[in-house]
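Novice: Sharing structure-v3.txt, compact mmCIF, C-alpha atoms:
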# COMPACT_ATOMS: atom_id res chain seq x y z
CA MET U 1 120.70 157.25 84.79
CA SER U 2 120.25 154.43 87.27
CA PRO U 3 122.01 151.12 86.66
CA ARG U 4 119.92 148.40 85.05
CA ARG U 5 118.71 145.74 87.48
CA ALA U 6 119.99 142.24 86.84
CA PRO U 7 117.09 140.02 85.77
CA VAL U 8 116.01 137.34 88.24
CA SER U 9 115.32 133.98 86.69
CA ARG U 10 112.10 132.25 87.58
CA ARG U 11 113.93 128.95 87.18
CA ASP U 12 115.93 129.36 90.37
CA ARG U 13 114.54 126.11 91.82
CA PRO U 14 115.79 122.83 90.46
CA ALA U 15 113.27 120.89 88.43
CA LYS U 16 111.26 118.41 90.48
CA ALA U 17 112.17 114.80 89.97
CA PRO U 18 109.44 112.96 88.10
CA LEU U 19 107.08 110.94 90.27
CA SER U 20 107.23 107.17 90.07
CA ARG U 21 106.13 104.17 92.09
CA ASP U 22 109.75 103.30 92.89
CA GLY U 23 110.40 106.84 94.08
CA LEU U 24 107.29 106.79 96.25
CA VAL U 25 108.25 103.47 97.84
CA SER U 26 111.82 104.66 98.38
CA VAL U 27 110.67 107.74 100.31
CA ALA U 28 108.16 105.67 102.31
CA MET U 29 110.91 103.20 103.18
CA ARG U 30 113.20 105.97 104.40
CA ILE U 31 110.49 107.41 106.63
CA MET U 32 109.63 103.97 108.02
CA ARG U 33 113.26 103.20 108.81
CA GLU U 34 113.88 106.56 110.48
CA GLU U 35 110.55 107.31 112.17
CA GLY U 36 108.32 104.23 112.00
CA LEU U 37 105.45 103.11 109.81
CA GLU U 38 102.97 105.30 111.65
CA ARG U 39 104.61 108.37 110.14
CA VAL U 40 104.17 107.05 106.60
CA THR U 41 101.04 108.87 105.46
CA MET U 42 99.96 110.12 102.06
CA ARG U 43 100.13 113.69 103.33
CA ARG U 44 103.70 113.21 104.58
CA LEU U 45 104.77 111.47 101.37
CA ALA U 46 103.23 114.21 99.27
CA ALA U 47 105.14 116.85 101.24
CA GLU U 48 108.39 114.94 100.81
CA LEU U 49 107.81 114.60 97.06
CA ASP U 50 106.59 118.19 96.65
CA THR U 51 103.23 117.21 95.23
CA GLY U 52 99.61 116.76 96.29
CA PRO U 53 98.36 113.61 98.05
CA ALA U 54 95.87 112.89 95.26
CA SER U 55 98.68 112.53 92.70
CA LEU U 56 100.17 109.62 94.65
CA TYR U 57 97.13 107.44 94.08
CA VAL U 58 98.26 107.04 90.48
CA TYR U 59 101.02 104.78 91.83
CA VAL U 60 99.30 103.00 94.73
CA ASP U 61 95.57 102.51 95.27
CA ASN U 62 95.72 102.85 99.06
CA MET U 63 97.92 102.46 102.12
CA THR U 64 97.39 98.71 102.11
CA GLU U 65 99.03 98.45 98.71
CA LEU U 66 101.86 100.72 99.88
CA HIS U 67 102.47 98.49 102.91
CA GLY U 68 102.68 95.51 100.59
CA ALA U 69 105.22 97.38 98.48
CA LEU U 70 107.28 98.18 101.58
CA LEU U 71 107.29 94.50 102.53
CA ASP U 72 108.45 93.58 99.05
CA GLU U 73 111.23 96.15 99.22
CA LEU U 74 112.43 94.69 102.53
CA LEU U 75 112.44 91.22 101.02
CA ARG U 76 115.10 92.29 98.52
CA ASP U 77 117.61 91.77 101.33
CA LEU U 78 116.32 88.32 102.32
CA PRO U 79 118.80 85.61 101.24
CA LEU U 80 117.11 82.55 99.75
CA PRO U 81 118.83 79.23 100.46
CA PRO U 82 119.37 76.73 97.64
CA VAL U 83 116.85 73.92 97.25
CA ALA U 84 118.31 70.54 98.15
CA GLU U 85 117.04 67.34 99.74
CA ASP U 86 119.90 67.32 102.26
CA GLY U 87 119.18 69.80 105.02
CA TRP U 88 115.93 71.06 103.51
CA GLN U 89 114.18 71.39 106.88
CA GLU U 90 117.00 73.36 108.48
CA ALA U 91 117.17 75.60 105.39
CA LEU U 92 113.41 76.24 105.54
CA ILE U 93 113.44 77.00 109.28
CA SER U 94 116.42 79.33 108.85
CA LEU U 95 114.70 81.10 105.95
CA LEU U 96 111.56 81.71 107.98
CA GLY U 97 113.71 82.77 110.92
CA ASP U 98 115.46 85.35 108.74
CA TYR U 99 112.07 86.54 107.47
CA THR U 100 110.87 86.91 111.06
CA LEU U 101 113.94 88.91 112.07
CA LEU U 102 113.53 91.15 109.03
CA LEU U 103 109.99 92.06 110.09
CA TRP U 104 110.78 92.08 113.82
CA THR U 105 112.39 95.51 113.37
CA TYR U 106 109.11 96.84 111.95
CA PRO U 107 106.31 95.37 114.10
CA SER U 108 103.73 97.83 112.75
CA LEU U 109 104.41 96.58 109.24
CA ALA U 110 104.27 92.98 110.48
CA ARG U 111 100.82 93.62 111.97
CA SER U 112 99.70 95.13 108.68
CA VAL U 113 101.10 92.22 106.67
CA LEU U 114 98.95 89.80 108.70
CA ALA U 115 95.90 91.31 107.00
CA LEU U 116 97.49 91.62 103.55
CA ARG U 117 97.67 89.36 100.54
CA PRO U 118 101.14 90.41 99.32
CA SER U 119 101.79 89.92 95.62
CA GLY U 120 105.11 91.62 94.94
CA PRO U 121 107.86 89.84 92.98
CA ASN U 122 110.15 89.37 95.98
CA TYR U 123 107.32 87.94 98.06
CA LEU U 124 106.54 85.52 95.25
CA LEU U 125 110.20 84.48 95.17
CA LEU U 126 109.95 83.72 98.90
CA VAL U 127 106.80 81.63 98.40
CA ASP U 128 108.38 79.84 95.45
CA ARG U 129 111.48 78.96 97.48
CA LEU U 130 109.38 77.70 100.40
CA LEU U 131 107.44 75.47 98.00
CA GLY U 132 110.70 74.19 96.54
CA LEU U 133 112.11 73.35 99.97
CA LEU U 134 108.90 71.58 101.00
CA GLU U 135 108.96 69.56 97.79
CA ALA U 136 112.61 68.67 98.41
CA GLY U 137 111.54 67.35 101.82
CA GLY U 138 108.95 65.05 100.30
CA ILE U 139 105.93 67.09 101.40
CA PRO U 140 103.02 66.32 99.03
CA GLU U 141 102.36 69.10 96.53
CA LYS U 142 98.93 70.04 97.85
CA ALA U 143 100.11 69.92 101.46
CA ALA U 144 102.96 72.24 100.51
CA ALA U 145 100.54 74.61 98.76
CA TRP U 146 98.29 74.77 101.80
CA GLY U 147 101.21 74.79 104.22
CA VAL U 148 102.96 77.93 102.95
CA ASP U 149 100.21 80.14 104.35
CA PRO U 150 100.35 78.98 108.02
CA LEU U 151 104.15 78.90 107.91
CA LEU U 152 104.30 82.54 106.83
CA GLN U 153 101.47 83.51 109.19
CA LEU U 154 103.38 82.04 112.13
CA ALA U 155 106.56 83.88 111.18
CA THR U 156 104.75 87.17 110.58
CA ALA U 157 102.70 86.95 113.79
CA THR U 158 105.84 86.15 115.78
CA ALA U 159 107.56 89.23 114.35
CA ALA U 160 104.53 91.38 115.14
CA GLU U 161 104.24 90.09 118.72
CA GLN U 162 107.92 90.05 119.67
CA GLY U 163 108.66 93.33 117.92
CA THR U 164 105.77 95.04 119.70
CA ARG U 165 106.92 93.71 123.07
CA HIS U 166 110.42 94.97 122.38
CA GLU U 167 109.11 98.45 121.56
CA SER U 168 106.52 98.72 124.30
CA ALA U 169 107.29 98.90 128.00
CA ALA U 170 103.57 98.35 128.66
CA ALA U 171 103.62 95.05 126.74
CA ALA U 172 106.63 93.88 128.74
CA GLY U 173 104.82 94.78 131.95
CA GLU U 174 101.74 92.83 130.88
CA GLU U 175 103.85 89.75 130.16
CA GLN U 176 105.47 90.00 133.58
CA GLN U 177 102.07 90.40 135.22
CA LEU U 178 100.80 87.27 133.45
CA ALA U 179 103.82 85.30 134.66
CA GLU U 180 103.18 86.41 138.24
CA VAL U 181 99.50 85.48 138.05
CA VAL U 182 100.41 82.03 136.72
CA ARG U 183 102.97 81.52 139.49
CA GLU U 184 100.35 82.38 142.10
CA ALA U 185 97.59 80.24 140.57
CA ARG U 186 96.06 77.72 143.01
CA ALA U 187 95.79 74.06 142.12
CA GLU U 188 92.17 73.75 143.28
CA GLU U 189 91.10 76.40 140.77
CA TYR U 190 93.54 75.91 137.89
CA PRO U 191 94.94 72.37 138.18
CA ASN U 192 96.17 72.17 134.58
CA ILE U 193 97.94 75.53 134.69
CA VAL U 194 99.66 74.59 137.96
CA ARG U 195 100.78 71.27 136.47
CA ALA U 196 102.22 72.94 133.36
CA ARG U 197 103.38 76.29 134.67
CA ALA U 198 107.06 75.33 134.88
CA ASP U 199 107.00 75.02 131.09
CA LEU U 200 104.51 77.73 130.13
CA PHE U 201 107.25 80.38 129.93
CA SER U 202 110.27 78.16 129.42
CA GLY U 203 112.58 78.28 126.42
CA THR U 204 113.87 81.17 124.37
CA GLY U 205 111.91 82.83 121.60
CA GLU U 206 114.15 81.19 119.01
CA GLN U 207 113.70 77.74 120.57
CA ARG U 208 109.94 78.11 120.60
CA MET U 209 109.86 79.38 117.03
CA ARG U 210 111.93 76.46 115.76
CA TRP U 211 109.72 74.01 117.65
CA TYR U 212 106.52 75.55 116.25
CA LEU U 213 107.86 75.29 112.72
CA THR U 214 109.01 71.70 113.25
CA VAL U 215 105.53 70.78 114.48
CA LEU U 216 103.94 72.40 111.43
CA LEU U 217 106.28 70.63 109.05
CA ALA U 218 105.60 67.25 110.69
CA GLY U 219 101.89 67.91 110.37
CA LEU U 220 102.17 68.80 106.69
CA ALA U 221 103.80 65.46 106.00
CA THR U 222 101.17 63.36 107.77
CA THR U 223 97.84 65.19 108.05
CA PRO U 224 95.18 64.03 105.54
CA PHE U 225 92.94 66.49 103.76
CA PRO U 226 89.22 66.72 104.53
CA PRO U 227 87.38 64.22 102.29
CA ARG U 228 85.21 66.91 100.69
CA LEU U 229 88.30 68.79 99.53
CA SER U 230 90.52 65.82 98.72
CA ALA U 231 89.96 66.33 94.99
CA ASP U 232 91.11 69.49 93.27
CA THR U 233 88.46 72.20 93.42
CA GLY U 234 88.28 75.75 92.23
CA PRO U 235 88.51 78.87 94.40
CA ALA U 236 84.71 79.25 94.47
CA ASP U 237 84.31 75.80 96.04
CA HIS U 238 86.81 76.66 98.79
CA ASP U 239 84.83 79.74 99.76
CA ARG U 240 81.62 77.87 100.50
Re-express the file's structure as structure tokens.

Specialist:
Amino acid sequence: MSPRRAPVSRRDRPAKAPLSRDGLVSVAMRIMREEGLERVTMRRLAAELDTGPASLYVYVDNMTELHGALLDELLRDLPLPPVAEDGWQEALISLLGDYTLLLWTYPSLARSVLALRPSGPNYLLLVDRLLGLLEAGGIPEKAAAWGVDPLLQLATATAAEQGTRHESAAAAGEEQQLAEVVREARAEEYPNIVRARADLFSGTGEQRMRWYLTVLLAGLATTPFPPRLSADTGPADHDR
């Protein structure tokens, strides 16, 4: 009589962790940190989560929404300065500088964010703090409301540009080529470039960023609104 075979359980694999939006974003964040945003695809995420790509669309509508969620997850680590009248401008510039550095590491995400309308809770906290700092600095409420967008666009675009240059040898070569062309420009053809070329590439990236933001803040405090839009109007009126 042969010995009885030991039964083999069909439950030899551990149960799969339940899917969730937080779990999806967590895996996407890990892939982005380790391999770059380009490797964050629905197919790759599905493989990591041991499921089909279609099941992930229960938690995000598309890659655009996922990119917004990744931005919001990054913003968890962004320290928000207190709102105070003393030093409000320095606090605001430092906050936007920290935001720029946060995205600088992920230029592909920064480029994506330029086309997004983020709406995550941490992004809203950032917008709320910027509004508070602008109000503390005496910027009129409507100017502050309009001003948040260009301030964040400048910071995001700077992160996208500088981060891409840092990653790409080709981009660095193009910048060097431009500098050489400007140095060799002739006054009879390009008189204004020749006159300004000593300053066209002067200053550090941080110096230029701080100057840009200072210019924007000065403009917010003094620039009048177009007469047609001086009164409060609804979103439909702004789109015309």

Novice: Return the padded bounding box of segment 56-73 of chain U as AutoDock Vina command-line options: axis-aligned, built from all atoms listed in the file, 8 Å added on each side, with centre and edge lengths in Å to one decimal.

Specialist:
--center_x 103.4 --center_y 101.6 --center_z 96.7 --size_x 31.7 --size_y 32.0 --size_z 28.4

Novice: Distance atom CA of Leu213 of chain U-atom CA of Asp128 of chain U, one decimal place?

Specialist: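 One can read the atom CA of Leu213 of chain U to atom CA of Asp128 of chain U distance as 17.9 Å.
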
Novice: Set the distance at 8 Å and use only C-alpha atoms: which residues neighbour Gln89 of chain U once local chain neighbours fewer than 4 positions away are removed? I'd like the list as a list in words.

Specialist: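 Residues meeting the cut-off are Ile93, Leu133, Leu134 and Gly137 of chain U.
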
Novice: From the list U:Ala143, U:Asp77, U:Glu161, U:Leu71, which residue is nearest Arg117 of chain U when using all atoms listed in the file?

Specialist: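 Among the listed residues, U:Leu71 lies closest to Arg117 of chain U.
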
Novice: Show me, as a list in words, the residues that have an atom within 12 Å of Ala187 of chain U when counting all atoms listed in the file, minus same-chain residues fewer than 6 positions from it.

Specialist: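 Everything that qualifies: Ile193, Val194, Arg195, Ala196 and Arg197 of chain U.
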
Novice: Would you write out those residues with C-alpha atoms, as a PDB file, keeping the file's coordinate frame?

Specialist:
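Contents of selection_13.pdb, as written:
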ATOM      1  CA  ILE U 193      97.940  75.530 134.690  1.00  0.00           C
ATOM      2  CA  VAL U 194      99.660  74.590 137.960  1.00  0.00           C
ATOM      3  CA  ARG U 195     100.780  71.270 136.470  1.00  0.00           C
ATOM      4  CA  ALA U 196     102.220  72.940 133.360  1.00  0.00           C
ATOM      5  CA  ARG U 197     103.380  76.290 134.670  1.00  0.00           C
TER       6      ARG U 197
END

Novice: Would you list the contacts of Val83 of chain U as an NGL selection string, taking every protein, DNA or RNA residue within 12 Å and counting all atoms listed in the file, but skipping same-chain residues closer than 2 positions in sequence?

Specialist: :U and (80-81 or 85-92 or 95 or 128-137)

Novice: Can you work out the spacing between atom CA of Leu19 of chain U and atom CA of Tyr59 of chain U in Å, to one decimal?

Specialist: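 Separation between atom CA of Leu19 of chain U and atom CA of Tyr59 of chain U: 8.8 Å.
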
Novice: Need the shell around Asp98 of chain U: protein/DNA/RNA residues with any atom at most 12 Å away, counting all atoms listed in the file. Skip same-chain ones fewer than 2 positions apart. Format as a list in words?

Specialist: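 Non-adjacent residues within range: Leu74, Leu75, Asp77, Leu78, Pro79, Leu80, Pro81, Ala91, Leu92, Ile93, Ser94, Leu95, Leu96, Thr100, Leu101, Leu102, Leu103, Trp104, Thr105, Leu126, Leu152, Ala155, Thr156, Thr158, Ala159, Glu206, Met209 and Arg210 of chain U.
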
Novice: I'd like to know which of U:Ala69, U:Glu174, U:Thr214, U:Ala54 is closest to Asp22 of chain U, using only C-alpha atoms.

Specialist: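 Looking only at the distances to Asp22 of chain U, the closest residue turns out to be U:Ala69.
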
Novice: For Leu154 of chain U, which residue among U:Gly97, U:Asn62, U:Pro107, U:Asp50 is the nearest when counting all atoms listed in the file?

Specialist: U:Gly97

Novice: Could you jot down the atom CA of Ala144 of chain U to atom CA of Ala218 of chain U separation for me, Å, one decimal place?

Specialist: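 Distance reported for this atom pair: 11.6 Å.
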
Novice: Hey, what's within 9 Å of Leu45 of chain U if we count all atoms listed in the file and toss same-chain stuff fewer than 6 positions away? As a ChimeraX atom specification, please?

Specialist: /U:24,27-28,31,51-53,56
